[in-house]
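Structure file query.cif with mmCIF, C-alpha atoms:
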data_input
#
loop_
_atom_site.label_atom_id
_atom_site.label_comp_id
_atom_site.auth_asym_id
_atom_site.auth_seq_id
_atom_site.Cartn_x
_atom_site.Cartn_y
_atom_site.Cartn_z
CA MET G 23 0.00 0.00 0.00
CA ALA G 24 2.74 2.37 0.92
CA ALA G 25 4.96 0.80 -1.70
CA GLY G 26 6.39 4.06 -2.89
CA LYS G 27 6.83 4.55 -6.57
CA GLU G 28 10.54 4.92 -6.18
CA LEU G 29 10.86 1.40 -4.72
CA THR G 30 11.31 -1.78 -6.69
CA PRO G 31 9.63 -4.92 -5.27
CA THR G 32 12.97 -6.20 -4.05
CA GLU G 33 13.69 -2.95 -2.30
CA TYR G 34 10.21 -2.94 -0.75
CA ILE G 35 10.60 -6.43 0.65
CA SER G 36 14.16 -6.04 1.80
CA HIS G 37 13.25 -2.75 3.46
CA HIS G 38 10.58 -4.52 5.49
CA LEU G 39 12.99 -7.30 6.33
CA THR G 40 15.64 -4.99 7.73
CA HIS G 41 16.04 -4.96 11.47
CA GLY G 42 16.43 -1.85 13.48
CA THR G 43 19.89 -2.45 14.88
CA VAL G 44 22.35 -0.69 17.07
CA GLN G 45 26.00 -1.59 16.61
CA PHE G 46 28.05 -1.25 19.76
CA GLY G 47 31.27 -3.16 19.18
CA GLU G 48 33.69 -4.63 16.74
CA GLY G 49 32.37 -7.48 14.66
CA SER G 50 28.88 -8.36 13.47
CA PHE G 51 27.92 -10.11 16.74
CA TRP G 52 28.07 -6.95 18.82
CA SER G 53 24.88 -5.38 17.61
CA ILE G 54 21.39 -5.58 18.99
CA ASN G 55 18.08 -5.73 17.15
CA PHE G 56 16.29 -3.21 19.29
CA ASP G 57 13.05 -3.79 17.35
CA SER G 58 12.82 -7.47 18.34
CA VAL G 59 13.93 -6.79 21.88
CA SER G 60 11.63 -3.84 22.51
CA VAL G 61 8.56 -5.42 20.93
CA SER G 62 9.09 -8.69 22.78
CA ILE G 63 9.57 -6.92 26.10
CA LEU G 64 6.47 -4.82 25.48
CA LEU G 65 4.43 -7.90 24.60
CA GLY G 66 5.72 -9.79 27.59
CA PHE G 67 4.66 -6.93 29.82
CA VAL G 68 1.25 -6.74 28.13
CA GLY G 69 0.55 -10.49 28.21
CA LEU G 70 2.06 -11.52 31.50
CA GLY G 71 1.14 -8.20 33.07
CA PHE G 72 -2.47 -8.83 32.15
CA LEU G 73 -2.30 -12.29 33.70
CA TRP G 74 -0.67 -10.87 36.82
CA TRP G 75 -3.26 -8.12 37.08
CA VAL G 76 -6.12 -10.64 36.89
CA VAL G 77 -4.48 -13.19 39.12
CA ARG G 78 -3.57 -10.67 41.81
CA GLY G 79 -7.23 -10.31 42.71
CA ALA G 80 -8.11 -13.93 42.00
CA SER G 81 -10.93 -15.17 44.18
CA SER G 82 -11.50 -18.75 45.12
CA GLY G 83 -15.22 -18.07 45.00
CA VAL G 84 -17.23 -17.36 41.89
CA PRO G 85 -14.73 -16.06 39.31
CA THR G 86 -15.28 -12.98 37.20
CA ARG G 87 -15.34 -13.39 33.43
CA ARG G 88 -11.78 -12.13 33.24
CA GLN G 89 -10.62 -14.59 35.82
CA ALA G 90 -12.54 -17.41 34.18
CA PHE G 91 -10.78 -16.64 30.91
CA VAL G 92 -7.38 -16.75 32.60
CA GLU G 93 -8.37 -19.94 34.37
CA LEU G 94 -9.29 -21.52 31.06
CA LEU G 95 -5.83 -20.69 29.77
CA PHE G 96 -4.33 -21.96 33.02
CA GLY G 97 -6.27 -25.21 32.76
CA PHE G 98 -5.26 -25.68 29.14
CA ILE G 99 -1.57 -25.28 29.94
CA ASP G 100 -1.81 -27.36 33.09
CA ASP G 101 -3.49 -30.20 31.17
CA GLN G 102 -0.65 -30.25 28.64
CA ALA G 103 1.97 -30.20 31.37
CA LYS G 104 0.15 -32.87 33.33
CA GLY G 105 -0.06 -35.12 30.29
CA ILE G 106 3.66 -35.03 29.56
CA PHE G 107 5.56 -34.17 32.71
CA ARG G 108 5.37 -36.96 35.27
CA HIS G 109 8.60 -36.48 37.14
CA GLY G 110 7.66 -34.29 40.05
CA ASP G 111 5.65 -31.23 40.88
CA ARG G 112 4.87 -29.52 37.58
CA ASN G 113 3.74 -26.38 39.42
CA GLN G 114 7.30 -25.91 40.58
CA PHE G 115 8.64 -24.91 37.18
CA ILE G 116 7.42 -26.69 34.05
CA ALA G 117 3.83 -25.46 34.05
CA PRO G 118 4.57 -21.77 34.77
CA MET G 119 7.30 -21.88 32.15
CA ALA G 120 4.92 -23.41 29.60
CA LEU G 121 2.43 -20.63 30.35
CA THR G 122 5.13 -18.01 29.80
CA VAL G 123 6.21 -19.58 26.54
CA PHE G 124 2.71 -19.96 25.19
CA VAL G 125 1.47 -16.49 26.03
CA TRP G 126 4.62 -14.72 25.01
CA VAL G 127 5.19 -16.60 21.75
CA LEU G 128 1.53 -16.33 20.82
CA LEU G 129 1.61 -12.56 21.27
CA MET G 130 4.88 -12.20 19.39
CA ASN G 131 3.55 -14.32 16.53
CA SER G 132 0.37 -12.26 16.49
CA MET G 133 2.31 -9.16 15.53
CA ASP G 134 2.18 -10.64 12.04
CA PHE G 135 -1.45 -9.54 11.81
CA LEU G 136 -0.64 -5.86 12.10
CA PRO G 137 -0.46 -4.23 8.66
CA VAL G 138 3.27 -3.79 8.15
CA ASP G 139 3.06 -0.63 6.11
CA TRP G 140 0.90 1.18 8.63
CA VAL G 141 3.20 0.16 11.43
CA ALA G 142 6.18 1.20 9.36
CA ALA G 143 4.63 4.62 8.94
CA GLY G 144 4.89 5.01 12.70
CA THR G 145 8.17 3.25 13.39
CA LYS G 146 9.84 5.17 10.56
CA LEU G 147 9.96 8.06 12.97
CA VAL G 148 12.17 6.19 15.45
CA ALA G 149 13.99 3.78 13.14
CA ALA G 150 14.43 5.00 9.59
CA ASP G 151 16.38 2.00 8.38
CA GLY G 152 13.83 -0.58 9.33
CA PHE G 153 11.76 -1.93 12.17
CA ARG G 154 10.41 -5.46 12.22
CA ILE G 155 7.55 -5.96 14.58
CA VAL G 156 7.45 -9.77 14.61
CA PRO G 157 10.11 -10.77 17.13
CA THR G 158 9.63 -14.47 16.36
CA ALA G 159 10.49 -13.84 12.70
CA ASP G 160 13.95 -12.92 14.00
CA ILE G 161 16.21 -15.96 14.28
CA ASN G 162 17.84 -14.38 17.31
CA THR G 163 14.60 -14.46 19.29
CA THR G 164 13.61 -18.02 18.49
CA PHE G 165 17.17 -19.21 18.99
CA ALA G 166 17.35 -17.38 22.29
CA LEU G 167 14.21 -19.16 23.47
CA ALA G 168 15.41 -22.54 22.23
CA LEU G 169 18.84 -22.07 23.79
CA THR G 170 17.33 -21.08 27.11
CA VAL G 171 15.26 -24.24 27.01
CA TRP G 172 18.40 -26.16 26.04
CA PHE G 173 20.34 -24.89 29.03
CA LEU G 174 17.42 -25.67 31.27
CA MET G 175 17.43 -29.14 29.75
CA LEU G 176 21.06 -29.61 30.76
CA TYR G 177 20.33 -28.20 34.19
CA PHE G 178 17.42 -30.54 34.81
CA SER G 179 19.36 -33.51 33.41
CA VAL G 180 22.11 -32.94 35.94
CA LYS G 181 19.65 -32.12 38.69
CA ALA G 182 17.56 -35.25 38.14
CA LYS G 183 20.37 -37.73 37.53
CA GLY G 184 23.42 -36.12 39.04
CA PHE G 185 26.41 -35.19 36.95
CA GLY G 186 27.68 -38.77 36.93
CA GLY G 187 24.32 -40.09 35.92
CA TRP G 188 24.12 -37.64 33.10
CA MET G 189 27.61 -38.50 31.88
CA HIS G 190 26.78 -42.17 32.10
CA GLU G 191 23.73 -41.53 29.98
CA LEU G 192 25.76 -39.60 27.40
CA PHE G 193 28.22 -42.45 26.98
CA CYS G 194 26.20 -45.58 27.66
CA SER G 195 22.78 -44.91 26.23
CA PRO G 196 21.24 -46.24 24.02
CA PHE G 197 23.70 -49.01 22.96
CA GLY G 198 25.44 -49.93 26.20
CA LYS G 199 28.90 -48.99 27.44
CA TRP G 200 30.98 -50.89 24.83
CA MET G 201 29.60 -48.71 22.07
CA PHE G 202 30.35 -45.43 23.77
CA PRO G 203 31.61 -43.54 20.66
CA ALA G 204 28.36 -44.32 18.87
CA ASN G 205 26.39 -43.38 21.95
CA LEU G 206 28.18 -40.11 22.29
CA LEU G 207 27.66 -39.32 18.63
CA PHE G 208 23.99 -40.15 18.91
CA ASN G 209 23.51 -38.01 21.97
CA ALA G 210 25.50 -35.16 20.50
CA ILE G 211 23.28 -35.15 17.43
CA GLU G 212 20.24 -35.22 19.62
CA TYR G 213 21.46 -32.35 21.77
CA LEU G 214 22.34 -30.39 18.66
CA SER G 215 19.15 -31.06 16.75
CA LYS G 216 16.79 -30.21 19.60
CA PRO G 217 17.47 -26.47 19.80
CA LEU G 218 17.82 -26.21 16.02
CA SER G 219 14.50 -27.84 15.19
CA HIS G 220 12.88 -26.05 18.11
CA SER G 221 13.94 -22.59 16.99
CA LEU G 222 13.98 -23.01 13.20
CA ARG G 223 10.44 -24.38 13.08
CA LEU G 224 9.01 -21.28 14.72
CA TYR G 225 11.32 -18.90 12.88
CA GLY G 226 10.58 -20.50 9.49
CA ASN G 227 6.86 -20.37 9.92
CA MET G 228 6.77 -16.77 11.07
CA TYR G 229 9.30 -15.56 8.54
CA ALA G 230 7.44 -17.26 5.69
CA GLY G 231 4.18 -15.78 6.91
CA GLU G 232 5.70 -12.34 6.94
CA ILE G 233 7.09 -12.70 3.42
CA ILE G 234 3.79 -13.93 2.03
CA PHE G 235 2.09 -10.89 3.52
CA LEU G 236 4.69 -8.65 1.91
CA LEU G 237 4.21 -10.34 -1.47
CA LEU G 238 0.46 -9.92 -1.22
CA TRP G 239 0.76 -6.26 -0.26
CA MET G 240 2.73 -5.68 -3.42
CA TRP G 241 -0.46 -6.16 -5.40
CA ALA G 242 -1.38 -2.77 -4.07
CA ALA G 243 1.32 -1.23 -6.23
CA THR G 244 -0.47 -2.38 -9.38
CA GLY G 245 -3.51 -0.16 -9.01
CA LEU G 246 -7.04 -0.25 -7.60
CA ALA G 247 -7.99 -3.73 -8.87
CA GLY G 248 -4.71 -5.09 -7.57
CA THR G 249 -5.30 -3.42 -4.20
CA VAL G 250 -8.72 -5.06 -3.88
CA PHE G 251 -7.40 -8.41 -5.04
CA GLY G 252 -4.39 -8.20 -2.76
CA SER G 253 -6.61 -7.24 0.18
CA ILE G 254 -8.86 -10.24 -0.40
CA LEU G 255 -5.86 -12.56 -0.60
CA GLY G 256 -4.35 -10.83 2.41
CA LEU G 257 -7.55 -11.42 4.37
CA GLY G 258 -7.51 -15.08 3.42
CA TRP G 259 -3.90 -15.46 4.40
CA ALA G 260 -4.47 -13.60 7.67
CA ILE G 261 -7.32 -15.94 8.57
CA PHE G 262 -5.21 -18.96 7.75
CA HIS G 263 -2.35 -17.38 9.63
CA ILE G 264 -4.42 -17.31 12.81
CA LEU G 265 -4.14 -21.08 12.74
CA ILE G 266 -0.39 -20.99 12.11
CA VAL G 267 0.26 -18.40 14.80
CA THR G 268 -1.65 -20.37 17.42
CA LEU G 269 -0.36 -23.72 16.28
CA GLN G 270 3.27 -22.62 16.30
CA ALA G 271 2.93 -21.13 19.77
CA TYR G 272 1.34 -24.38 20.91
CA VAL G 273 4.02 -26.52 19.25
CA PHE G 274 6.79 -24.41 20.74
CA MET G 275 5.27 -24.78 24.19
CA MET G 276 4.73 -28.52 23.78
CA LEU G 277 8.31 -29.07 22.66
CA THR G 278 9.51 -27.05 25.63
CA ILE G 279 7.57 -29.33 27.97
CA VAL G 280 8.67 -32.45 26.13
CA TYR G 281 12.36 -31.53 26.14
CA LEU G 282 12.34 -30.63 29.80
CA SER G 283 10.43 -33.80 30.65
CA MET G 284 12.92 -35.89 28.70
CA ALA G 285 15.70 -34.26 30.69
CA HIS G 286 14.14 -35.72 33.83
CA GLU G 287 13.94 -39.23 32.45
CA HIS G 288 16.47 -41.87 33.38
CA HIS G 289 17.76 -44.11 30.64
CA MET V 5 19.71 -12.84 9.63
CA ASN V 6 22.92 -12.68 11.63
CA ILE V 7 23.22 -14.10 15.08
CA THR V 8 23.91 -11.05 17.19
CA PHE V 9 23.90 -9.92 20.77
CA THR V 10 20.10 -9.87 20.40
CA LEU V 11 20.28 -13.57 21.16
CA ILE V 12 21.66 -12.96 24.62
CA ALA V 13 19.33 -10.06 25.28
CA GLN V 14 16.28 -12.09 24.28
CA ALA V 15 17.41 -15.05 26.38
CA ALA V 16 17.74 -12.74 29.37
CA VAL V 17 14.30 -11.28 28.72
CA PHE V 18 12.89 -14.78 28.40
CA ALA V 19 14.47 -15.87 31.67
CA ALA V 20 13.08 -12.79 33.40
CA PHE V 21 9.59 -13.49 32.11
CA ILE V 22 9.78 -17.13 33.18
CA TRP V 23 10.80 -16.01 36.65
CA PHE V 24 7.98 -13.47 36.75
CA THR V 25 5.34 -16.01 35.78
CA LYS V 26 6.71 -18.60 38.15
CA ALA V 27 6.84 -16.14 41.03
CA PHE V 28 3.78 -13.95 40.56
CA VAL V 29 1.32 -15.41 38.07
CA TRP V 30 1.15 -19.13 38.54
CA PRO V 31 1.09 -19.56 42.34
CA PRO V 32 -1.78 -17.18 43.19
CA LEU V 33 -4.02 -18.63 40.52
CA LEU V 34 -3.09 -22.14 41.56
CA ARG V 35 -3.95 -21.26 45.15
CA ALA V 36 -7.29 -19.78 44.14
CA ILE V 37 -8.19 -22.77 42.02
CA GLU V 38 -7.13 -25.25 44.66
CA ALA V 39 -9.04 -23.36 47.32
CA ARG V 40 -12.12 -23.44 45.11
CA GLN V 41 -11.67 -27.16 44.49
CA LYS V 42 -11.51 -27.68 48.21
CA GLN V 43 -14.59 -25.54 48.75
CA ILE V 44 -16.51 -27.51 46.15
CA ALA V 45 -15.39 -30.82 47.61
CA ASP V 46 -16.36 -29.62 51.10
CA GLY V 47 -19.69 -28.42 49.80
CA LEU V 48 -20.42 -31.74 48.16
CA ALA V 49 -19.42 -33.59 51.31
CA ALA V 50 -21.63 -31.30 53.39
CA ALA V 51 -24.53 -31.87 51.00
CA GLU V 52 -24.00 -35.60 51.26
CA GLN V 53 -23.93 -35.37 55.04
CA GLY V 54 -27.03 -33.20 55.03
CA LYS V 55 -28.81 -35.74 52.89
CA LYS V 56 -27.79 -38.50 55.28
CA SER V 57 -28.86 -36.59 58.37
CA LEU V 58 -32.14 -35.69 56.67
CA GLU V 59 -32.75 -39.37 56.00
CA SER V 60 -31.96 -40.37 59.56
CA SER V 61 -34.02 -37.57 61.05
CA SER V 62 -36.99 -38.35 58.85
CA LYS V 63 -36.67 -41.94 59.96
CA GLN V 64 -36.63 -40.73 63.56
CA ALA V 65 -39.63 -38.55 62.91
CA GLU V 66 -41.50 -41.50 61.47
CA LEU V 67 -40.62 -43.51 64.53
CA ALA V 68 -41.79 -40.72 66.83
CA ILE V 69 -45.04 -40.36 64.91
CA ALA V 70 -45.69 -44.08 65.11
CA GLU V 71 -44.99 -44.05 68.82
CA ALA V 72 -47.24 -41.05 69.36
CA ARG V 73 -49.98 -42.71 67.39
CA ALA V 74 -49.67 -45.85 69.49
CA ARG V 75 -49.76 -43.78 72.67
CA ALA V 76 -52.79 -41.91 71.45
CA THR V 77 -54.61 -45.13 70.68
CA GLU V 78 -53.72 -46.45 74.08
CA ILE V 79 -54.87 -43.27 75.79
CA ILE V 80 -58.15 -43.30 73.90
CA ALA V 81 -58.70 -46.93 74.83
CA GLN V 82 -57.95 -46.16 78.46
CA ALA V 83 -60.28 -43.20 78.39
CA GLU V 84 -63.01 -45.25 76.87
CA LYS V 85 -62.51 -47.91 79.48
CA ARG V 86 -62.56 -45.37 82.29
CA ASP V 87 -65.58 -43.77 80.74
CA ALA V 88 -67.39 -47.06 80.74
CA GLN V 89 -66.27 -47.70 84.29
CA MET V 90 -67.48 -44.31 85.42
CA VAL V 91 -70.80 -44.79 83.76
CA GLU V 92 -71.09 -48.19 85.37
CA ALA V 93 -70.12 -46.81 88.76
CA ALA V 94 -72.55 -43.96 88.41
CA LYS V 95 -75.25 -46.39 87.48
CA ILE V 96 -74.51 -48.53 90.48
CA ALA V 97 -74.35 -45.51 92.75
CA ALA V 98 -77.62 -44.22 91.41
CA LYS V 99 -79.21 -47.57 91.88
CA THR V 100 -78.01 -47.96 95.47
CA GLU V 101 -79.02 -44.39 96.22
CA GLY V 102 -82.41 -44.99 94.76
CA GLU V 103 -82.78 -48.18 96.73
CA ARG V 104 -81.61 -46.50 99.88
CA GLU V 105 -84.08 -43.66 99.40
CA LYS V 106 -86.79 -46.11 98.60
CA ALA V 107 -86.00 -48.05 101.78
CA ALA V 108 -85.95 -44.85 103.80
CA ALA V 109 -89.24 -43.83 102.33
CA LYS V 110 -90.65 -47.26 103.08
CA ALA V 111 -89.39 -47.05 106.64
CA ASP V 112 -90.92 -43.58 106.98
CA ILE V 113 -94.15 -44.85 105.63
CA GLN V 114 -93.97 -47.82 107.99
CA GLN V 115 -93.26 -45.55 110.93
CA GLU V 116 -96.02 -43.19 109.96
CA LEU V 117 -98.31 -46.09 109.55
CA SER V 118 -97.46 -47.60 112.89
CA ARG V 119 -97.80 -44.21 114.58
CA ALA V 120 -101.13 -43.69 112.96
CA ARG V 121 -102.13 -47.16 114.06
CA GLU V 122 -100.98 -46.40 117.60
CA GLN V 123 -102.91 -43.14 117.65
CA LEU V 124 -105.88 -44.89 116.25
CA ARG V 125 -105.57 -47.59 118.81
CA GLU V 126 -105.30 -45.06 121.64
CA GLN V 127 -108.22 -43.11 120.34
CA VAL V 128 -110.23 -46.27 119.91
CA ALA V 129 -109.27 -47.32 123.42
CA ALA V 130 -110.24 -43.94 124.78
CA LEU V 131 -113.43 -44.18 122.82
CA ALA V 132 -114.06 -47.62 124.16
CA VAL V 133 -113.39 -46.48 127.68
CA ALA V 134 -115.63 -43.49 127.21
CA GLY V 135 -118.23 -45.75 125.72
CA ALA V 136 -117.96 -48.20 128.57
CA GLU V 137 -118.21 -45.37 131.08
CA LYS V 138 -121.31 -44.21 129.47
CA ILE V 139 -122.67 -47.67 129.37
CA LEU V 140 -121.92 -48.34 132.98
CA ARG V 141 -122.93 -44.89 133.92
CA ARG V 142 -120.74 -45.02 136.72
CA GLU V 143 -117.38 -43.85 137.33
CA VAL V 144 -114.73 -46.15 136.46
CA ASP V 145 -111.67 -45.87 138.41
CA ALA V 146 -109.16 -45.42 135.69
CA ARG V 147 -106.37 -46.15 137.99
CA ALA V 148 -107.96 -49.33 139.29
CA HIS V 149 -108.79 -50.61 135.91
CA ALA V 150 -105.67 -49.52 134.09
CA GLU V 151 -104.55 -53.10 133.74
CA LEU V 152 -107.82 -54.06 132.26
CA LEU V 153 -107.85 -51.16 129.93
CA ASP V 154 -104.35 -51.86 128.68
CA GLY V 155 -105.44 -55.37 127.99
CA ILE V 156 -108.31 -54.16 125.95
CA LYS V 157 -106.07 -51.67 124.14
CA LYS V 158 -103.71 -54.44 123.11
CA GLN V 159 -106.49 -56.49 121.78
CA LEU V 160 -107.59 -53.74 119.50
#
Represent the structure contained in this file as structure tokens.
Amino acid sequence: MAAGKELTPTEYISHHLTHGTVQFGEGSFWSINFDSVSVSILLGFVGLGFLWWVVRGASSGVPTRRQAFVELLFGFIDDQAKGIFRHGDRNQFIAPMALTVFVWVLLMNSMDFLPVDWVAAGTKLVAADGFRIVPTADINTTFALALTVWFLMLYFSVKAKGFGGWMHELFCSPFGKWMFPANLLFNAIEYLSKPLSHSLRLYGNMYAGEIIFLLLWMWAATGLAGTVFGSILGLGWAIFHILIVTLQAYVFMMLTIVYLSMAHEHH
Amino acid sequence: MNITFTLIAQAAVFAAFIWFTKAFVWPPLLRAIEARQKQIADGLAAAEQGKKSLESSSKQAELAIAEARARATEIIAQAEKRDAQMVEAAKIAAKTEGEREKAAAKADIQQELSRAREQLREQVAALAVAGAEKILRREVDARAHAELLDGIKKQL
């Protein structure tokens, strides 16, 4: 819609796929995507803050509608955690973490629904080079989440089995101690693939969704008929995207629970 | 597309949010829900107990009613019996009273009769004496002939 006449399609898309970054050191690592970080922090405050605000005045009597809604969410998460995690008190960590992941990722994914060009009209004022509002379409965000889960996985492995137990598992499972190189290779692949599949699945889905939106919006550059056509397609994609957004948040949460549950298991 | 310091920042943010939820969101709601579960369970138990006590008390009430009914029947029977007894006693009393009065009346009548007879006898005796006097036309010594006169009187 706001595809300016001076922009080629490639420029339009790459402009929308440019992060707002601040460089603060030598080398490409020492920069920060302030768009992803600020939007995700804002959404975390909105989502979890809402939950906190409702829960603070939670009554054990007849719940208000608001509280009933939060309790539905709570029950949904708790059911998932209960179904998978059977190695202790899920209320201690797993279930609250699953709630955090689900709410936060869902909100971050949902940023895809906001019309990018309208948002860009506003964010242009603070970040001229680019500002991406879908934090989960940034590999850094999804990888950060997956890595955090990965470290927690290591932590719970050691906590549940002891360091020796965990080492024993690395070398002696699944083929027994005489095959320890194969075991180690197997486990290394597993430990490597978990965070990758965890983060890339979410990132891929959200990034693809964003690009398809951008491609559809380019119809608007072709005139009135194209604008109408593109809007209809955009509506269709947005409706379908509701499913993807929710599903990916759900899958990310489920994998989080599954990985942390597996860390508690003894082999 | 590069991996940058964003990764570390986002991980820190994530960790902070997990801590927040774990500390401030999950426990209060869990407490509220568990308290409600307990309340509901207690309520159901209380209802069950109420039902039980209602059953037992209605059983007791039935028992009490049956007992009261039996007592009432007994009391009525007793009353009827006493009633009959009283009537009987009254009848007997009336009868004896009547008989006694009748006897008294009879005795009175007898007394009256015998007094009247006595008077009559005396009068007749006096009349006889007067008549004899007149017949004899001479004075009869009442004192001298008292024995004779008494004899006549008795014969009358």
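For Leu255 (chain G), the non-local neighbours within 12 Å, defined as residues at least 6 positions apart in the same chain or in other chains and counting only C-alpha atoms, are Ile234, Phe235, Leu236, Leu237, Leu238, Trp239, Met240, Trp241, Ala242, Gly248, Thr249, Ile261, Phe262 and His263 of chain G.
When the distance limit is 8 Å and all atoms listed in the file are what count, the residues near region 35-48 of chain V, minus those fewer than 2 positions from it on the same chain, are Ala80, Ser81, Ser82 and Gly83 of chain G; Pro31, Pro32, Leu33, Ala50, Ala51 and Glu52 of chain V.
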For chain V, which residues have at least one atom within 7 Å of chain G, if we go by only C-alpha atoms? Write them as an mmCIF file with C-alpha atoms, in the coordinates of the input, please.
data_model
loop_
_atom_site.group_PDB
_atom_site.id
_atom_site.type_symbol
_atom_site.label_atom_id
_atom_site.label_comp_id
_atom_site.auth_asym_id
_atom_site.auth_seq_id
_atom_site.Cartn_x
_atom_site.Cartn_y
_atom_site.Cartn_z
ATOM 1 C CA MET V 5 19.710 -12.840 9.630
ATOM 2 C CA ILE V 7 23.220 -14.100 15.080
ATOM 3 C CA THR V 8 23.910 -11.050 17.190
ATOM 4 C CA PHE V 9 23.900 -9.920 20.770
ATOM 5 C CA THR V 10 20.100 -9.870 20.400
ATOM 6 C CA LEU V 11 20.280 -13.570 21.160
ATOM 7 C CA ILE V 12 21.660 -12.960 24.620
ATOM 8 C CA GLN V 14 16.280 -12.090 24.280
ATOM 9 C CA ALA V 15 17.410 -15.050 26.380
ATOM 10 C CA VAL V 17 14.300 -11.280 28.720
ATOM 11 C CA PHE V 18 12.890 -14.780 28.400
ATOM 12 C CA PHE V 21 9.590 -13.490 32.110
ATOM 13 C CA ILE V 22 9.780 -17.130 33.180
ATOM 14 C CA THR V 25 5.340 -16.010 35.780
ATOM 15 C CA LYS V 26 6.710 -18.600 38.150
ATOM 16 C CA PHE V 28 3.780 -13.950 40.560
ATOM 17 C CA VAL V 29 1.320 -15.410 38.070
ATOM 18 C CA TRP V 30 1.150 -19.130 38.540
ATOM 19 C CA PRO V 32 -1.780 -17.180 43.190
ATOM 20 C CA LEU V 33 -4.020 -18.630 40.520
ATOM 21 C CA ALA V 36 -7.290 -19.780 44.140
ATOM 22 C CA ILE V 37 -8.190 -22.770 42.020
ATOM 23 C CA ALA V 39 -9.040 -23.360 47.320
ATOM 24 C CA ARG V 40 -12.120 -23.440 45.110
#
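We find CA of Gly226 (chain G) and CA of Leu257 (chain G) to be spaced 20.9 Å apart.
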Could you tell me how far CA of Phe135 (chain G) lies from CA of Gly256 (chain G), in Å and to one decimal? 9.9 Å
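Counting all atoms listed in the file, the residue from G:Leu269, G:Ala142, G:Leu246, G:Leu214 that sits nearest to Gly42 (chain G) is G:Ala142.
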One decimal, Å: what's the distance from CA of Val125 (chain G) over to CA of Val267 (chain G), could you say? 11.5 Å
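Counting all atoms listed in the file and comparing G:Leu206, G:Met189, G:Leu128, G:Met175, the residue that lies closest to Gln270 (chain G) is G:Leu128.
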Could you name the residues that touch Phe193 (chain G) at 10 Å or less, counting only C-alpha atoms, but leaving out those on the same chain fewer than 4 positions away, as a list in words? Trp188, Met189, Phe197, Gly198, Lys199, Trp200, Met201, Phe202, Pro203, Ala204, Asn205, Leu206, Leu207, Phe208 and Asn209 of chain G
Can you list what the PyMOL selection byres ((chain G and resi 216) around 10) grabs from this structure, as an NGL selection string? :G and (168-169 or 171-172 or 211-215 or 217-221 or 277-278 or 281)
